[in-house]
Amino acid sequence: MGTVIHLEKLFSLVPRPISQSLTRRLLVRTPIIDQLDQLPTWLQQQGQPSFRAGQIIKWIFQQRARSFAEMTDLPQALRAALDEHYTLTTVHIEKHDQAADGTEKLLVQLQDGGLVECVLLREGDRRSICVSSQVGCAMGCVFCASGLDGVMRNLTSGEILEQMLCLQKLLPDDERLSHIVMMGMGEPLANLENVVQALAWASRDTGLGISPRRVTISTVGLPPAIEKLARTDSRFHLAISLHAPNDELRNELVPVNQKIGIRKLLQAADDYFTVSGRKLTFEYVLLADINDQPEHAHQLARLLQGRTAILNVIPYNPVQGLPYRTPSSRAIRQFREILQSAKIVVKFRQRKGDKINAACGQLRRQKVQPLQGRSSDQ
Ligand code: SAH
């Protein structure tokens, strides 16, 4: 995997005898976060009681350990063996930004050099995190920074969890993460297995202990994957990125819709609701003069009528180089009023962390294509 590419780089940088010993060391060391289920077996092979697995897992998720050496209730020899066989972290924080409203954003570098973004949001008692599921994105939503260069690869479940652990370490010891949204870079349902595996650990009491009720998977809406999620693990909250009230417009804004269509998408969403009992969220990014007109609000109201759902309207967060604009506050108010008078439950998401490019994909893009820079309002 990524390790191999990394090693090739190392070969060119270090003298041969060192590179050989490094090779052996790096090749045998596996990320422990990918091996949590296998830990009891490995411990047995080491002649250790299996309860040590629980201790190690507690150090990783609850005691926020940064090294095996810190795991002081483990025998010294076991700590050394862990260090020999496993790596505790595979990612590296390339950039850390903080906004005045308490939002913090990390640009995280993966072992193969890939970059993803994740965000910590503070709102009252809430400590929510927004996590990426892929390097880049293949969905091609025309207004989104994440997909501008296509998708590079899926993240492993360990890489998804590591973002959560990096964000957790930004909190003081007496604060805990409370909510997770899979709204970072990538399409989570295009990487369903790894996302579900990571979220299972995040929601387990022995993991991060975040109730599945406080976990949201945001998706462009891939019906077969929604159906699979309903069959495998329907405890999570689903947010569907709708962005348009009719197929003609959605085909333009969310090109993957051309192969799906809103009717099929809503059917899959309704079926998920039936199985999960979890209220659906529909997301609608408001783009000036494109999907923010009164006729769009009326169509949207008709589309969502009768559903147990919340509509989350998000004023567009401008991306440099893209022609889309945030609507005026008048247009936003008018849009809201039409929906409210049709008895649709509407929430208007406030833009948080604008100054640190907290909208998905923006920070990575700045890094990947530094010459293109950012617009002055970001
Ligand atoms: N692929 C998933 C999750 C990623 S993005 C999805 O499509 O839902 C999470 C949400 O942010 C999506 O609703 C996405 O359309 C929206 N979004 C992307 N770029 C944005 C921008 N520049 N301003 C506001 N919202 C944006």
# chains A, B, ... in the order shown; residues from 1 in each chain; ligands from 1
>>> closest_atom_pairs(of="stretch 245-294 of chain A", to="stretch 312-327 of chain A", cutoff="10 Å", atoms="only C-alpha atoms", output="tab-separated table")
residue	atom	partner	partner_atom	distance
A:Thr281	CA	A:Asn312	CA	6.8
A:Phe282	CA	A:Asn312	CA	5.9
A:Glu283	CA	A:Asn312	CA	4.7
A:Tyr284	CA	A:Val313	CA	4.8
A:Val285	CA	A:Ile314	CA	4.6
A:Leu286	CA	A:Pro315	CA	4.8
A:Leu287	CA	A:Thr326	CA	5.6
A:Ala288	CA	A:Pro327	CA	4.1
A:Asp289	CA	A:Pro327	CA	7.3
A:Ile290	CA	A:Tyr324	CA	8.6
A:Asn291	CA	A:Pro327	CA	9.7
A:Asp292	CA	A:Pro327	CA	7.3
A:Gln293	CA	A:Pro327	CA	9.8
>>> closest_atom_pairs(of="chain A", to="ligand 1", cutoff="9 Å", atoms="only C-alpha atoms and all ligand atoms", output="CSV")
residue,atom,partner,partner_atom_place_in_ligand_line,distance
A:Cys130,CA,ligand 1,9 (C),8.9
A:Ser132,CA,ligand 1,4 (C),7.8
A:Ser133,CA,ligand 1,3 (C),8.5
A:Cys137,CA,ligand 1,1 (N),7.3
A:Ala138,CA,ligand 1,1 (N),8.9
A:Met139,CA,ligand 1,1 (N),7.2
A:Cys141,CA,ligand 1,15 (O),7.0
A:Val142,CA,ligand 1,19 (N),8.7
A:Phe143,CA,ligand 1,19 (N),5.9
A:Cys144,CA,ligand 1,19 (N),3.7
A:Ala145,CA,ligand 1,19 (N),6.1
A:Ser146,CA,ligand 1,19 (N),7.3
A:Val181,CA,ligand 1,9 (C),8.7
A:Met182,CA,ligand 1,3 (C),6.3
A:Met183,CA,ligand 1,9 (C),4.0
A:Gly184,CA,ligand 1,4 (C),5.2
A:Met185,CA,ligand 1,4 (C),5.5
A:Gly186,CA,ligand 1,1 (N),5.1
A:Glu187,CA,ligand 1,1 (N),3.7
A:Pro188,CA,ligand 1,1 (N),6.3
A:Leu189,CA,ligand 1,1 (N),8.0
A:Ala190,CA,ligand 1,1 (N),8.8
A:Ile217,CA,ligand 1,3 (C),7.6
A:Ser218,CA,ligand 1,8 (O),4.1
A:Thr219,CA,ligand 1,8 (O),3.6
A:Val220,CA,ligand 1,7 (O),3.9
A:Gly221,CA,ligand 1,7 (O),7.5
A:Ala239,CA,ligand 1,8 (O),6.9
A:Ile240,CA,ligand 1,8 (O),6.1
A:Ser241,CA,ligand 1,13 (O),4.4
A:Leu242,CA,ligand 1,13 (O),7.5
A:His243,CA,ligand 1,15 (O),7.2
A:Val254,CA,ligand 1,15 (O),8.5
A:Phe282,CA,ligand 1,13 (O),8.4
A:Glu283,CA,ligand 1,13 (O),5.4
A:Tyr284,CA,ligand 1,13 (O),6.7
A:Val285,CA,ligand 1,25 (N),5.4
A:Leu286,CA,ligand 1,24 (C),7.8
A:Leu287,CA,ligand 1,23 (N),8.8
A:Ile314,CA,ligand 1,24 (C),5.9
A:Pro315,CA,ligand 1,24 (C),6.2
A:Tyr316,CA,ligand 1,23 (N),4.0
A:Asn317,CA,ligand 1,23 (N),3.7
A:Pro318,CA,ligand 1,22 (N),5.3
A:Val319,CA,ligand 1,22 (N),5.7
A:Tyr324,CA,ligand 1,22 (N),8.8
A:Thr326,CA,ligand 1,23 (N),8.6
A:Arg351,CA,ligand 1,24 (C),8.3
A:Ala359,CA,ligand 1,21 (C),5.6
A:Cys360,CA,ligand 1,19 (N),5.8
A:Gly361,CA,ligand 1,19 (N),7.7
A:Gln362,CA,ligand 1,22 (N),8.0
>>> write_last_selection(atoms="N, CA and C atoms", output="short mmCIF file (atom, residue, chain, number, x, y, z; two decimals), in the first residue's frame")
data_model
loop_
_atom_site.label_atom_id
_atom_site.label_comp_id
_atom_site.auth_asym_id
_atom_site.auth_seq_id
_atom_site.Cartn_x
_atom_site.Cartn_y
_atom_site.Cartn_z
N CYS A 130 -15.89 16.94 12.16
CA CYS A 130 -16.24 16.69 10.77
C CYS A 130 -15.04 15.98 10.15
N SER A 132 -13.12 13.31 7.13
CA SER A 132 -13.07 12.92 5.71
C SER A 132 -13.12 11.40 5.55
N SER A 133 -13.61 10.96 4.39
CA SER A 133 -13.70 9.53 4.13
C SER A 133 -12.86 9.09 2.92
N CYS A 137 -12.62 13.39 -4.13
CA CYS A 137 -13.99 12.90 -4.24
C CYS A 137 -14.33 12.71 -5.72
N ALA A 138 -15.10 11.67 -6.01
CA ALA A 138 -15.41 11.38 -7.42
C ALA A 138 -16.78 11.90 -7.84
N MET A 139 -17.53 12.50 -6.90
CA MET A 139 -18.93 12.83 -7.20
C MET A 139 -19.09 14.03 -8.12
N CYS A 141 -19.65 17.31 -7.61
CA CYS A 141 -20.59 18.41 -7.34
C CYS A 141 -19.89 19.72 -7.75
N VAL A 142 -20.57 20.49 -8.59
CA VAL A 142 -19.87 21.55 -9.31
C VAL A 142 -19.37 22.70 -8.42
N PHE A 143 -19.97 22.85 -7.23
CA PHE A 143 -19.64 23.97 -6.36
C PHE A 143 -18.65 23.60 -5.26
N CYS A 144 -18.24 22.33 -5.20
CA CYS A 144 -17.48 21.82 -4.04
C CYS A 144 -16.00 21.73 -4.36
N ALA A 145 -15.16 22.14 -3.40
CA ALA A 145 -13.71 22.14 -3.61
C ALA A 145 -13.12 20.73 -3.56
N SER A 146 -13.77 19.82 -2.83
CA SER A 146 -13.18 18.48 -2.61
C SER A 146 -13.02 17.67 -3.89
N VAL A 181 -19.78 14.14 12.31
CA VAL A 181 -20.43 14.22 11.00
C VAL A 181 -19.42 13.78 9.94
N MET A 182 -19.86 12.87 9.09
CA MET A 182 -19.00 12.46 7.97
C MET A 182 -19.29 13.43 6.84
N MET A 183 -18.78 14.65 7.00
CA MET A 183 -19.05 15.71 6.02
C MET A 183 -17.75 16.35 5.55
N GLY A 184 -16.67 15.66 5.76
CA GLY A 184 -15.40 16.17 5.28
C GLY A 184 -15.25 15.84 3.81
N MET A 185 -14.00 15.64 3.42
CA MET A 185 -13.75 15.34 2.02
C MET A 185 -14.20 13.92 1.68
N GLY A 186 -14.74 13.76 0.47
CA GLY A 186 -15.07 12.42 0.00
C GLY A 186 -16.54 12.06 0.15
N GLU A 187 -16.92 10.96 -0.47
CA GLU A 187 -18.29 10.46 -0.40
C GLU A 187 -18.27 9.22 0.51
N PRO A 188 -18.78 9.35 1.74
CA PRO A 188 -18.67 8.23 2.69
C PRO A 188 -19.30 6.94 2.18
N LEU A 189 -20.39 7.05 1.41
CA LEU A 189 -21.05 5.81 0.98
C LEU A 189 -20.33 5.15 -0.19
N ALA A 190 -19.33 5.84 -0.76
CA ALA A 190 -18.48 5.20 -1.77
C ALA A 190 -17.34 4.44 -1.07
N ILE A 217 -24.03 10.52 8.80
CA ILE A 217 -23.33 10.24 7.55
C ILE A 217 -23.98 11.12 6.48
N SER A 218 -23.19 12.00 5.88
CA SER A 218 -23.72 12.88 4.84
C SER A 218 -23.37 12.28 3.48
N THR A 219 -24.36 12.17 2.63
CA THR A 219 -24.12 11.53 1.33
C THR A 219 -24.80 12.26 0.19
N VAL A 220 -24.17 12.17 -0.95
CA VAL A 220 -24.74 12.70 -2.16
C VAL A 220 -25.99 11.88 -2.54
N GLY A 221 -26.04 10.66 -1.97
CA GLY A 221 -27.23 9.81 -2.14
C GLY A 221 -27.03 8.73 -3.18
N ALA A 239 -27.84 12.10 6.27
CA ALA A 239 -28.10 13.43 5.69
C ALA A 239 -27.89 13.32 4.19
N ILE A 240 -28.91 13.71 3.44
CA ILE A 240 -28.84 13.59 1.98
C ILE A 240 -28.58 14.97 1.38
N SER A 241 -27.52 15.08 0.60
CA SER A 241 -27.19 16.36 -0.04
C SER A 241 -28.04 16.51 -1.29
N LEU A 242 -29.15 17.20 -1.16
CA LEU A 242 -30.11 17.29 -2.26
C LEU A 242 -29.76 18.44 -3.23
N HIS A 243 -29.70 19.65 -2.69
CA HIS A 243 -29.21 20.84 -3.41
C HIS A 243 -30.06 21.33 -4.58
N VAL A 254 -25.20 18.30 -9.23
CA VAL A 254 -24.70 17.05 -8.63
C VAL A 254 -24.70 16.00 -9.75
N PHE A 282 -32.18 16.60 4.98
CA PHE A 282 -31.83 16.93 3.60
C PHE A 282 -31.01 18.21 3.63
N GLU A 283 -29.88 18.19 2.93
CA GLU A 283 -29.03 19.39 2.88
C GLU A 283 -29.26 20.11 1.55
N TYR A 284 -29.22 21.42 1.64
CA TYR A 284 -29.47 22.22 0.44
C TYR A 284 -28.52 23.42 0.49
N VAL A 285 -27.49 23.38 -0.31
CA VAL A 285 -26.55 24.51 -0.37
C VAL A 285 -27.17 25.59 -1.25
N LEU A 286 -27.33 26.79 -0.69
CA LEU A 286 -27.98 27.86 -1.45
C LEU A 286 -26.96 28.62 -2.29
N LEU A 287 -27.16 28.57 -3.60
CA LEU A 287 -26.26 29.23 -4.55
C LEU A 287 -27.03 30.39 -5.20
N ILE A 314 -27.87 25.62 3.71
CA ILE A 314 -26.50 26.08 3.97
C ILE A 314 -26.13 27.15 2.94
N PRO A 315 -25.99 28.40 3.37
CA PRO A 315 -25.53 29.40 2.40
C PRO A 315 -24.15 29.01 1.88
N TYR A 316 -23.96 29.15 0.60
CA TYR A 316 -22.72 28.71 -0.05
C TYR A 316 -21.48 29.38 0.56
N ASN A 317 -20.47 28.58 0.76
CA ASN A 317 -19.18 29.08 1.24
C ASN A 317 -18.26 29.18 0.01
N PRO A 318 -17.97 30.38 -0.48
CA PRO A 318 -17.32 30.51 -1.79
C PRO A 318 -15.97 29.77 -1.90
N VAL A 319 -15.76 29.21 -3.05
CA VAL A 319 -14.51 28.50 -3.34
C VAL A 319 -13.81 29.26 -4.46
N TYR A 324 -19.60 30.41 -8.30
CA TYR A 324 -20.82 30.47 -7.49
C TYR A 324 -20.71 31.50 -6.38
N THR A 326 -22.66 33.35 -2.68
CA THR A 326 -23.62 33.22 -1.57
C THR A 326 -24.80 34.15 -1.84
N ARG A 351 -22.48 29.57 9.01
CA ARG A 351 -21.14 29.30 8.50
C ARG A 351 -20.16 29.45 9.64
N ALA A 359 -14.86 24.97 4.98
CA ALA A 359 -15.67 24.19 4.03
C ALA A 359 -14.79 23.12 3.41
N CYS A 360 -15.40 21.95 3.16
CA CYS A 360 -14.59 20.81 2.80
C CYS A 360 -13.73 21.03 1.56
N GLY A 361 -12.53 20.51 1.64
CA GLY A 361 -11.66 20.51 0.48
C GLY A 361 -10.89 21.79 0.24
N GLN A 362 -11.23 22.85 0.97
CA GLN A 362 -10.60 24.13 0.65
C GLN A 362 -9.14 24.21 1.08
#
>>> residues_around(residues="A:Ala200", least_positions_apart="4", cutoff="9 Å", atoms="only C-alpha atoms", output="PDB file with N, CA, C and O atoms, in the first residue's frame")
ATOM      1  N   VAL A 195     -15.932   3.149   6.412  1.00  0.00           N
ATOM      2  CA  VAL A 195     -16.620   4.176   7.202  1.00  0.00           C
ATOM      3  C   VAL A 195     -17.405   3.515   8.342  1.00  0.00           C
ATOM      4  O   VAL A 195     -17.312   3.919   9.498  1.00  0.00           O
ATOM      5  N   VAL A 196     -18.137   2.452   8.002  1.00  0.00           N
ATOM      6  CA  VAL A 196     -18.951   1.781   9.024  1.00  0.00           C
ATOM      7  C   VAL A 196     -18.054   1.160  10.102  1.00  0.00           C
ATOM      8  O   VAL A 196     -18.346   1.222  11.294  1.00  0.00           O
ATOM      9  N   ARG A 204     -18.603   2.640  19.978  1.00  0.00           N
ATOM     10  CA  ARG A 204     -18.473   1.647  21.038  1.00  0.00           C
ATOM     11  C   ARG A 204     -18.072   2.309  22.362  1.00  0.00           C
ATOM     12  O   ARG A 204     -17.283   3.255  22.359  1.00  0.00           O
ATOM     13  N   GLY A 207     -14.579   2.365  22.707  1.00  0.00           N
ATOM     14  CA  GLY A 207     -13.922   3.246  21.730  1.00  0.00           C
ATOM     15  C   GLY A 207     -14.081   4.691  22.187  1.00  0.00           C
ATOM     16  O   GLY A 207     -13.771   5.024  23.324  1.00  0.00           O
ATOM     17  N   PRO A 212     -24.357   6.359  18.495  1.00  0.00           N
ATOM     18  CA  PRO A 212     -24.691   6.427  17.059  1.00  0.00           C
ATOM     19  C   PRO A 212     -25.750   7.487  16.765  1.00  0.00           C
ATOM     20  O   PRO A 212     -25.835   8.001  15.660  1.00  0.00           O
ATOM     21  N   ASP A 233     -25.934  -1.564   9.116  1.00  0.00           N
ATOM     22  CA  ASP A 233     -25.870  -0.792  10.354  1.00  0.00           C
ATOM     23  C   ASP A 233     -26.701   0.474  10.190  1.00  0.00           C
ATOM     24  O   ASP A 233     -26.241   1.460   9.621  1.00  0.00           O
TER      25      ASP A 233
END
>>> closest_residue(among="A:Gln45, A:Thr206, A:Leu222, A:Ala99", to="A:Asn257", atoms="only C-alpha atoms")
A:Leu222
>>> select_by_dssp(residues="stretch 146-197 of chain A", states="strand (DSSP E)", output="PyMOL selection string")
chain A and resi 151-154+179-182
>>> write_last_selection(atoms="N, CA, C and O atoms", output="PDB file, in the first residue's frame")
ATOM      1  N   VAL A 151     -10.982  11.750  -7.353  1.00  0.00           N
ATOM      2  CA  VAL A 151     -10.677  10.993  -6.131  1.00  0.00           C
ATOM      3  C   VAL A 151      -9.340  10.281  -6.292  1.00  0.00           C
ATOM      4  O   VAL A 151      -9.005   9.811  -7.379  1.00  0.00           O
ATOM      5  N   MET A 152      -8.543  10.246  -5.220  1.00  0.00           N
ATOM      6  CA  MET A 152      -7.278   9.509  -5.254  1.00  0.00           C
ATOM      7  C   MET A 152      -7.487   8.097  -4.707  1.00  0.00           C
ATOM      8  O   MET A 152      -7.117   7.125  -5.321  1.00  0.00           O
ATOM      9  N   ARG A 153      -8.081   8.021  -3.521  1.00  0.00           N
ATOM     10  CA  ARG A 153      -8.342   6.694  -2.953  1.00  0.00           C
ATOM     11  C   ARG A 153      -9.257   6.789  -1.739  1.00  0.00           C
ATOM     12  O   ARG A 153      -9.496   7.882  -1.205  1.00  0.00           O
ATOM     13  N   ASN A 154      -9.745   5.620  -1.318  1.00  0.00           N
ATOM     14  CA  ASN A 154     -10.523   5.532  -0.081  1.00  0.00           C
ATOM     15  C   ASN A 154      -9.586   5.609   1.115  1.00  0.00           C
ATOM     16  O   ASN A 154      -8.452   5.122   1.047  1.00  0.00           O
ATOM     17  N   HIS A 179     -20.165  14.698  19.018  1.00  0.00           N
ATOM     18  CA  HIS A 179     -20.874  14.412  17.762  1.00  0.00           C
ATOM     19  C   HIS A 179     -19.865  14.194  16.628  1.00  0.00           C
ATOM     20  O   HIS A 179     -18.808  14.832  16.606  1.00  0.00           O
ATOM     21  N   ILE A 180     -20.261  13.341  15.693  1.00  0.00           N
ATOM     22  CA  ILE A 180     -19.425  13.141  14.489  1.00  0.00           C
ATOM     23  C   ILE A 180     -20.285  13.376  13.259  1.00  0.00           C
ATOM     24  O   ILE A 180     -21.410  12.864  13.172  1.00  0.00           O
ATOM     25  N   VAL A 181     -19.776  14.144  12.312  1.00  0.00           N
ATOM     26  CA  VAL A 181     -20.427  14.218  11.004  1.00  0.00           C
ATOM     27  C   VAL A 181     -19.419  13.785   9.937  1.00  0.00           C
ATOM     28  O   VAL A 181     -18.287  14.259   9.911  1.00  0.00           O
ATOM     29  N   MET A 182     -19.858  12.869   9.094  1.00  0.00           N
ATOM     30  CA  MET A 182     -19.000  12.455   7.971  1.00  0.00           C
ATOM     31  C   MET A 182     -19.293  13.432   6.836  1.00  0.00           C
ATOM     32  O   MET A 182     -20.010  13.121   5.887  1.00  0.00           O
TER      33      MET A 182
END
